[in-house]
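See below for work.pdb, which holds PDB, C-alpha atoms and all ligand atoms.
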```
ATOM      1  CA  MET H   1      42.702 -76.558  -1.003
ATOM      2  CA  LYS H   2      41.211 -79.924  -0.038
ATOM      3  CA  LYS H   3      44.314 -80.688   1.986
ATOM      4  CA  LEU H   4      44.017 -77.348   3.740
ATOM      5  CA  VAL H   5      40.376 -78.010   4.659
ATOM      6  CA  ILE H   6      41.301 -81.409   6.061
ATOM      7  CA  ALA H   7      44.234 -79.953   7.966
ATOM      8  CA  VAL H   8      42.105 -77.189   9.494
ATOM      9  CA  GLY H   9      39.329 -79.673  10.269
ATOM     10  CA  THR H  10      41.754 -82.009  12.032
ATOM     11  CA  LEU H  11      43.185 -79.093  13.962
ATOM     12  CA  LEU H  12      39.719 -78.024  15.133
ATOM     13  CA  LEU H  13      38.791 -81.570  16.128
ATOM     14  CA  GLY H  14      42.043 -81.856  18.033
ATOM     15  CA  ALA H  15      41.449 -78.543  19.769
ATOM     16  CA  GLY H  16      37.902 -79.596  20.682
ATOM     17  CA  ALA H  17      39.109 -82.789  22.309
ATOM     18  CA  VAL H  18      41.832 -80.948  24.180
ATOM     19  CA  MET H  19      39.384 -78.331  25.436
ATOM     20  CA  ALA H  20      36.932 -80.918  26.733
ATOM     21  CA  ASP H  21      39.644 -82.699  28.677
ATOM     22  CA  GLN H  22      41.198 -79.507  29.974
ATOM     23  CA  LYS H  23      37.803 -78.364  31.251
ATOM     24  CA  LEU H  24      37.380 -81.568  33.252
ATOM     25  CA  ALA H  25      40.942 -81.408  34.540
ATOM     26  CA  VAL H  26      40.308 -77.822  35.686
ATOM     27  CA  GLU H  27      37.040 -78.826  37.371
ATOM     28  CA  GLN H  28      38.828 -81.586  39.316
ATOM     29  CA  ASP H  29      41.651 -79.240  40.197
ATOM     30  CA  ASN H  30      39.272 -76.510  41.378
ATOM     31  CA  LEU H  31      37.512 -78.982  43.684
ATOM     32  CA  MET H  32      40.861 -79.853  45.256
ATOM     33  CA  ARG H  33      41.998 -76.247  45.475
ATOM     34  CA  ALA H  34      38.807 -75.313  47.333
ATOM     35  CA  GLN H  35      39.422 -78.091  49.866
ATOM     36  CA  GLY H  36      43.055 -77.067  50.023
ATOM     37  CA  LYS H  37      42.017 -73.514  50.903
ATOM     38  CA  SER H  38      39.904 -74.760  53.817
ATOM     39  CA  VAL H  39      42.508 -77.181  55.178
ATOM     40  CA  TYR H  40      45.919 -75.782  54.212
ATOM     41  CA  VAL H  41      45.041 -72.100  54.535
ATOM     42  CA  THR H  42      42.216 -71.506  57.013
ATOM     43  CA  ILE H  43      42.592 -74.430  59.431
ATOM     44  CA  LEU H  44      46.379 -74.855  59.183
ATOM     45  CA  LYS H  45      47.246 -71.149  59.432
ATOM     46  CA  MET H  46      44.845 -70.504  62.291
ATOM     47  CA  GLY H  47      46.208 -73.597  64.045
ATOM     48  CA  LYS H  48      49.745 -72.276  63.667
ATOM     49  CA  GLY H  49      48.793 -68.739  64.649
ATOM     50  CA  ASP H  50      49.814 -67.370  61.223
ATOM     51  CA  LEU H  51      46.257 -66.062  60.850
ATOM     52  CA  PRO H  52      44.199 -64.668  63.745
ATOM     53  CA  TYR H  53      41.688 -67.232  65.017
ATOM     54  CA  ASP H  54      38.274 -66.632  63.417
ATOM     55  CA  GLN H  55      35.428 -68.946  64.402
ATOM     56  CA  ALA H  56      33.210 -67.944  61.451
ATOM     57  CA  ALA H  57      36.011 -68.757  58.990
ATOM     58  CA  ILE H  58      36.625 -72.132  60.691
ATOM     59  CA  ASP H  59      32.933 -72.997  60.559
ATOM     60  CA  ALA H  60      32.747 -71.943  56.901
ATOM     61  CA  ALA H  61      35.792 -74.102  56.091
ATOM     62  CA  LEU H  62      34.201 -77.151  57.718
ATOM     63  CA  ALA H  63      30.896 -76.480  55.936
ATOM     64  CA  GLN H  64      32.770 -76.184  52.628
ATOM     65  CA  LEU H  65      34.465 -79.534  53.244
ATOM     66  CA  GLU H  66      31.189 -81.125  54.301
ATOM     67  CA  THR H  67      29.575 -80.368  50.931
ATOM     68  CA  SER H  68      32.652 -80.650  48.737
ATOM     69  CA  VAL H  69      34.420 -83.847  49.904
ATOM     70  CA  PRO H  70      31.496 -86.223  49.111
ATOM     71  CA  THR H  71      31.564 -85.044  45.471
ATOM     72  CA  ILE H  72      35.129 -86.344  44.866
ATOM     73  CA  PRO H  73      34.143 -89.790  43.439
ATOM     74  CA  LYS H  74      31.716 -88.225  40.946
ATOM     75  CA  VAL H  75      33.941 -85.326  39.879
ATOM     76  CA  PHE H  76      36.804 -87.794  39.313
ATOM     77  CA  GLU H  77      34.547 -90.286  37.488
ATOM     78  CA  GLU H  78      36.230 -89.722  34.100
ATOM     79  CA  ASN H  79      39.906 -89.489  33.242
ATOM     80  CA  PRO H  80      40.632 -86.095  31.614
ATOM     81  CA  LYS H  81      43.808 -87.695  30.211
ATOM     82  CA  GLU H  82      45.724 -84.485  30.618
ATOM     83  CA  ASP H  83      46.926 -82.224  33.380
ATOM     84  CA  VAL H  84      45.889 -78.665  34.016
ATOM     85  CA  VAL H  85      48.280 -76.418  32.096
ATOM     86  CA  ASN H  86      51.168 -75.426  34.346
ATOM     87  CA  ALA H  87      49.792 -77.300  37.365
ATOM     88  CA  THR H  88      52.016 -78.405  40.235
ATOM     89  CA  TYR H  89      49.944 -81.536  40.873
ATOM     90  CA  GLY H  90      48.198 -83.976  38.575
ATOM     91  CA  SER H  91      46.115 -87.120  38.745
ATOM     92  CA  SER H  92      47.750 -90.526  38.591
ATOM     93  CA  PRO H  93      46.306 -92.831  35.893
ATOM     94  CA  LYS H  94      46.028 -95.375  38.740
ATOM     95  CA  ILE H  95      42.795 -93.611  39.795
ATOM     96  CA  TRP H  96      40.955 -95.036  36.796
ATOM     97  CA  GLN H  97      42.610 -98.453  37.021
ATOM     98  CA  ASN H  98      41.508 -98.737  40.613
ATOM     99  CA  LYS H  99      38.539 -96.402  41.000
ATOM    100  CA  ALA H 100      36.924 -98.387  43.832
ATOM    101  CA  ASP H 101      40.071 -98.079  45.943
ATOM    102  CA  PHE H 102      40.342 -94.361  45.086
ATOM    103  CA  ASP H 103      36.710 -93.853  46.145
ATOM    104  CA  SER H 104      37.354 -95.761  49.394
ATOM    105  CA  LYS H 105      39.726 -92.942  50.485
ATOM    106  CA  VAL H 106      36.804 -90.491  50.602
ATOM    107  CA  PRO H 107      34.570 -91.781  53.476
ATOM    108  CA  PRO H 108      37.373 -91.426  56.092
ATOM    109  CA  VAL H 109      37.638 -87.727  55.138
ATOM    110  CA  ILE H 110      33.844 -87.295  55.356
ATOM    111  CA  LYS H 111      33.880 -88.905  58.805
ATOM    112  CA  ALA H 112      36.793 -86.769  60.041
ATOM    113  CA  VAL H 113      34.972 -83.602  58.934
ATOM    114  CA  ALA H 114      31.728 -84.720  60.621
ATOM    115  CA  ASP H 115      33.586 -85.573  63.848
ATOM    116  CA  LEU H 116      35.280 -82.163  63.904
ATOM    117  CA  LYS H 117      32.077 -80.135  63.510
ATOM    118  CA  GLY H 118      31.612 -77.977  66.599
ATOM    119  CA  LYS H 119      34.908 -79.212  68.083
ATOM    120  CA  ILE H 120      37.241 -76.530  66.732
ATOM    121  CA  LYS H 121      37.081 -73.693  69.222
ATOM    122  CA  ASP H 122      40.549 -72.160  69.443
ATOM    123  CA  GLN H 123      44.056 -72.249  68.020
ATOM    124  CA  ALA H 124      44.997 -75.497  69.796
ATOM    125  CA  SER H 125      41.958 -77.401  68.550
ATOM    126  CA  ALA H 126      42.467 -76.005  65.031
ATOM    127  CA  LYS H 127      45.998 -77.402  65.093
ATOM    128  CA  MET H 128      44.722 -80.836  66.107
ATOM    129  CA  ALA H 129      41.981 -80.677  63.476
ATOM    130  CA  PHE H 130      44.571 -79.922  60.820
ATOM    131  CA  ASP H 131      46.629 -82.987  61.752
ATOM    132  CA  THR H 132      43.552 -85.233  61.659
ATOM    133  CA  LEU H 133      42.322 -83.919  58.306
ATOM    134  CA  ASN H 134      45.739 -83.773  56.685
ATOM    135  CA  GLU H 135      46.347 -87.442  57.480
ATOM    136  CA  LYS H 136      43.106 -88.442  55.733
ATOM    137  CA  CYS H 137      43.668 -86.222  52.687
ATOM    138  CA  THR H 138      47.243 -87.508  52.400
ATOM    139  CA  ALA H 139      46.044 -91.120  52.455
ATOM    140  CA  CYS H 140      44.632 -90.502  48.979
ATOM    141  CA  HIS H 141      47.322 -88.114  47.736
ATOM    142  CA  GLU H 142      50.224 -90.468  48.480
ATOM    143  CA  THR H 143      48.866 -93.006  45.982
ATOM    144  CA  TYR H 144      46.794 -91.017  43.516
ATOM    145  CA  ARG H 145      48.302 -87.529  43.272
ATOM    146  CA  LEU H 146      51.398 -86.852  41.186
ATOM    147  CA  ARG H 147      53.824 -84.003  41.726
ATOM    148  CA  LEU H 148      54.430 -82.508  38.279
ATOM    149  CA  LYS H 149      57.036 -79.888  39.145
TER     150      LYS H 149
HETATM  151  C1  LIG F 201      40.099 -89.763  46.992
HETATM  152  C2  LIG F 201      41.319 -89.052  46.759
HETATM  153  C3  LIG F 201      41.535 -87.671  47.306
HETATM  154  C4  LIG F 201      41.153 -87.171  48.524
HETATM  155  C5  LIG F 201      40.379 -87.872  49.640
HETATM  156  C6  LIG F 201      41.642 -85.824  48.585
HETATM  157  N1  LIG F 201      42.302 -85.502  47.426
HETATM  158 FE1  LIG F 201      43.267 -83.746  47.045
HETATM  159  N2  LIG F 201      43.881 -84.464  45.243
HETATM  160  C7  LIG F 201      43.566 -85.700  44.731
HETATM  161  C8  LIG F 201      44.151 -85.830  43.407
HETATM  162  C9  LIG F 201      44.015 -87.025  42.488
HETATM  163  C10 LIG F 201      44.841 -84.630  43.157
HETATM  164  C11 LIG F 201      45.642 -84.256  41.909
HETATM  165  C12 LIG F 201      44.763 -83.806  40.784
HETATM  166  C13 LIG F 201      44.258 -82.418  40.884
HETATM  167  O1  LIG F 201      44.937 -81.514  41.411
HETATM  168  O2  LIG F 201      43.140 -82.213  40.393
HETATM  169  C14 LIG F 201      44.653 -83.801  44.328
HETATM  170  C15 LIG F 201      45.182 -82.526  44.465
HETATM  171  C16 LIG F 201      45.035 -81.727  45.577
HETATM  172  C17 LIG F 201      45.597 -80.405  45.723
HETATM  173  C18 LIG F 201      46.508 -79.709  44.707
HETATM  174  C19 LIG F 201      45.710 -78.848  43.770
HETATM  175  C20 LIG F 201      46.613 -78.061  42.867
HETATM  176  O3  LIG F 201      46.773 -78.461  41.722
HETATM  177  O4  LIG F 201      47.173 -77.059  43.326
HETATM  178  C21 LIG F 201      45.181 -79.925  46.922
HETATM  179  C22 LIG F 201      45.497 -78.550  47.511
HETATM  180  C23 LIG F 201      44.361 -80.944  47.535
HETATM  181  N3  LIG F 201      44.286 -82.035  46.684
HETATM  182  C24 LIG F 201      43.743 -80.827  48.769
HETATM  183  C25 LIG F 201      43.016 -81.840  49.389
HETATM  184  C26 LIG F 201      42.517 -81.766  50.747
HETATM  185  C27 LIG F 201      42.720 -80.591  51.679
HETATM  186  C28 LIG F 201      41.885 -82.938  50.993
HETATM  187  C29 LIG F 201      41.205 -83.389  52.263
HETATM  188  C30 LIG F 201      40.179 -82.542  52.798
HETATM  189  C31 LIG F 201      41.985 -83.738  49.789
HETATM  190  N4  LIG F 201      42.683 -83.040  48.841
HETATM  191  C32 LIG F 201      41.456 -85.010  49.670
HETATM  192  C33 LIG F 201      42.842 -86.686  45.356
HETATM  193  C34 LIG F 201      42.273 -86.609  46.620
END
```
Show me this structure written as structure tokens.
Ligand code: HEC
Amino acid sequence: MKKLVIAVGTLLLGAGAVMADQKLAVEQDNLMRAQGKSVYVTILKMGKGDLPYDQAAIDAALAQLETSVPTIPKVFEENPKEDVVNATYGSSPKIWQNKADFDSKVPPVIKAVADLKGKIKDQASAKMAFDTLNEKCTACHETYRLRLK
């Protein structure tokens, strides 16, 4: 009986720890997915002509990036020490060995977004905006994002 109680207790503790980490991993992933939607769906697809050009959607995407990108250093403050279940991408442990360098990849994205505000007006400028943004996002991903599958 005692053994059973200890076993169940350990299991619950383990589950608690896993849940806490998974929640943080999901929060970090959701932040990235939201930025991905703005850049890789709205701006990229309108730039390529795969989606009809929509100024309101472009402006909303830039506004989303403007508020969301500056939160990256804080949202990635702690290491969740696990990946989102079934995720395609995960965080490299290097982020937390080199957090200052990781954080230094954020201001260039903030600046690119600020510079693009009001400048995307048609398909051609959306295409250019995508290239500019993608380069800055990739500058962090190439070092700190891992492909899991
Ligand atoms: C300072 C570093 C950094 C910057 C800047 C950054 N990212 Fe990420 N991104 C990450 C890390 C780390 C991951 C992997 C962990 C995760 O998915 O939570 C990631 C994952 C992603 C993913 C994959 C999410 C998934 O699991 O499907 C997308 C999409 C993404 N980022 C989009 C962007 C876009 C778009 C930008 C630029 C506007 C950007 N990121 C800027 C660090 C960064």
Requested in this report: For Val85 in chain H, work out the shell of residues within 12 Å, counting only C-alpha atoms and skipping chain neighbours fewer than 3 positions away, then give it as a list in words.
Outcome: Val18, Met19, Asp21, Gln22, Lys23, Ala25, Val26, Asp29, Glu82, Thr88, Tyr89, Gly90, Leu148 and Lys149 of chain H
Kindly provide the residues of chain H that approach ligand LIG 201 (chain F) to within 6 Å, each paired with its closest atom pair and their distance in Å to one decimal, based on only C-alpha atoms and all ligand atoms, listed by chain and increasing number, as a tab-separated table.
```
residue	atom	partner	partner_atom	distance
H:Gln28	CA	F:LIG201	O2	4.5
H:Asp29	CA	F:LIG201	O2	3.3
H:Met32	CA	F:LIG201	N3	4.3
H:Arg33	CA	F:LIG201	C22	4.7
H:Gln35	CA	F:LIG201	C27	4.5
H:Gly36	CA	F:LIG201	C22	3.8
H:Val39	CA	F:LIG201	C27	4.9
H:Ala87	CA	F:LIG201	O3	5.4
H:Thr88	CA	F:LIG201	O3	5.5
H:Tyr89	CA	F:LIG201	O3	4.5
H:Gly90	CA	F:LIG201	C12	4.1
H:Ser91	CA	F:LIG201	C12	4.1
H:Phe102	CA	F:LIG201	C1	5.0
H:Asp103	CA	F:LIG201	C1	5.4
H:Lys105	CA	F:LIG201	C1	4.7
H:Val106	CA	F:LIG201	C5	4.5
H:Cys137	CA	F:LIG201	C29	3.8
H:Cys140	CA	F:LIG201	C2	4.2
H:His141	CA	F:LIG201	C33	5.3
H:Tyr144	CA	F:LIG201	C9	5.0
H:Arg145	CA	F:LIG201	C9	4.4
```
Query - Nearest residue to Val75 in chain H from the set H:Leu24, H:Ala139, H:Gln97, H:Leu4 (distances using all atoms listed in the file) - result: H:Leu24
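When all atoms listed in the file are used to compute distances to Ser125 in chain H, the closest of the residues H:Gln55, H:Asn30, H:Thr67, H:Ser104 turns out to be H:Gln55.
The spacing separating CA of Asp115 in chain H from CA of Ala56 in chain H amounts to 17.8 Å.
Nearest to Val41 in chain H of all the residues H:Glu27, H:Ala57, H:Pro108, H:Lys117 is H:Ala57, based on only C-alpha atoms.
Separating CA of Gln123 in chain H from CA of Ser68 in chain H is a distance of 23.9 Å.
We find CA of Ser92 in chain H and CA of Lys74 in chain H to be spaced 16.4 Å apart.
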Requested in this report: Using the chain letters and residue numbers of this document, give as a PyMOL selection string the residues selected by the PyMOL selection byres (((chain H and resi 130) around 12) and not hetatm).
Outcome: chain H and resi 36+38-48+58+61-62+109+112-113+116+120+123-129+131-138
Kindly compute an axis-aligned box around the listed atoms of range 134-143 of chain H, allowing 8 Å on each side, and express its centre and edge lengths in Å to one decimal as lines of an AutoDock Vina configuration file.
```
center_x = 46.7
center_y = -88.4
center_z = 51.7
size_x = 23.1
size_y = 25.2
size_z = 27.5
```
Report summary line: Residue with the minimum atom-to-atom distance to Phe76 in chain H, picked from H:Lys2, H:Lys37, H:Lys94, H:Lys111 with only C-alpha atoms counted, is H:Lys94
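Take the candidates H:Pro73, H:Pro107, H:Gly49, H:Pro93 and check each one against Asp122 in chain H using all atoms listed in the file; the shortest distance goes to H:Gly49.
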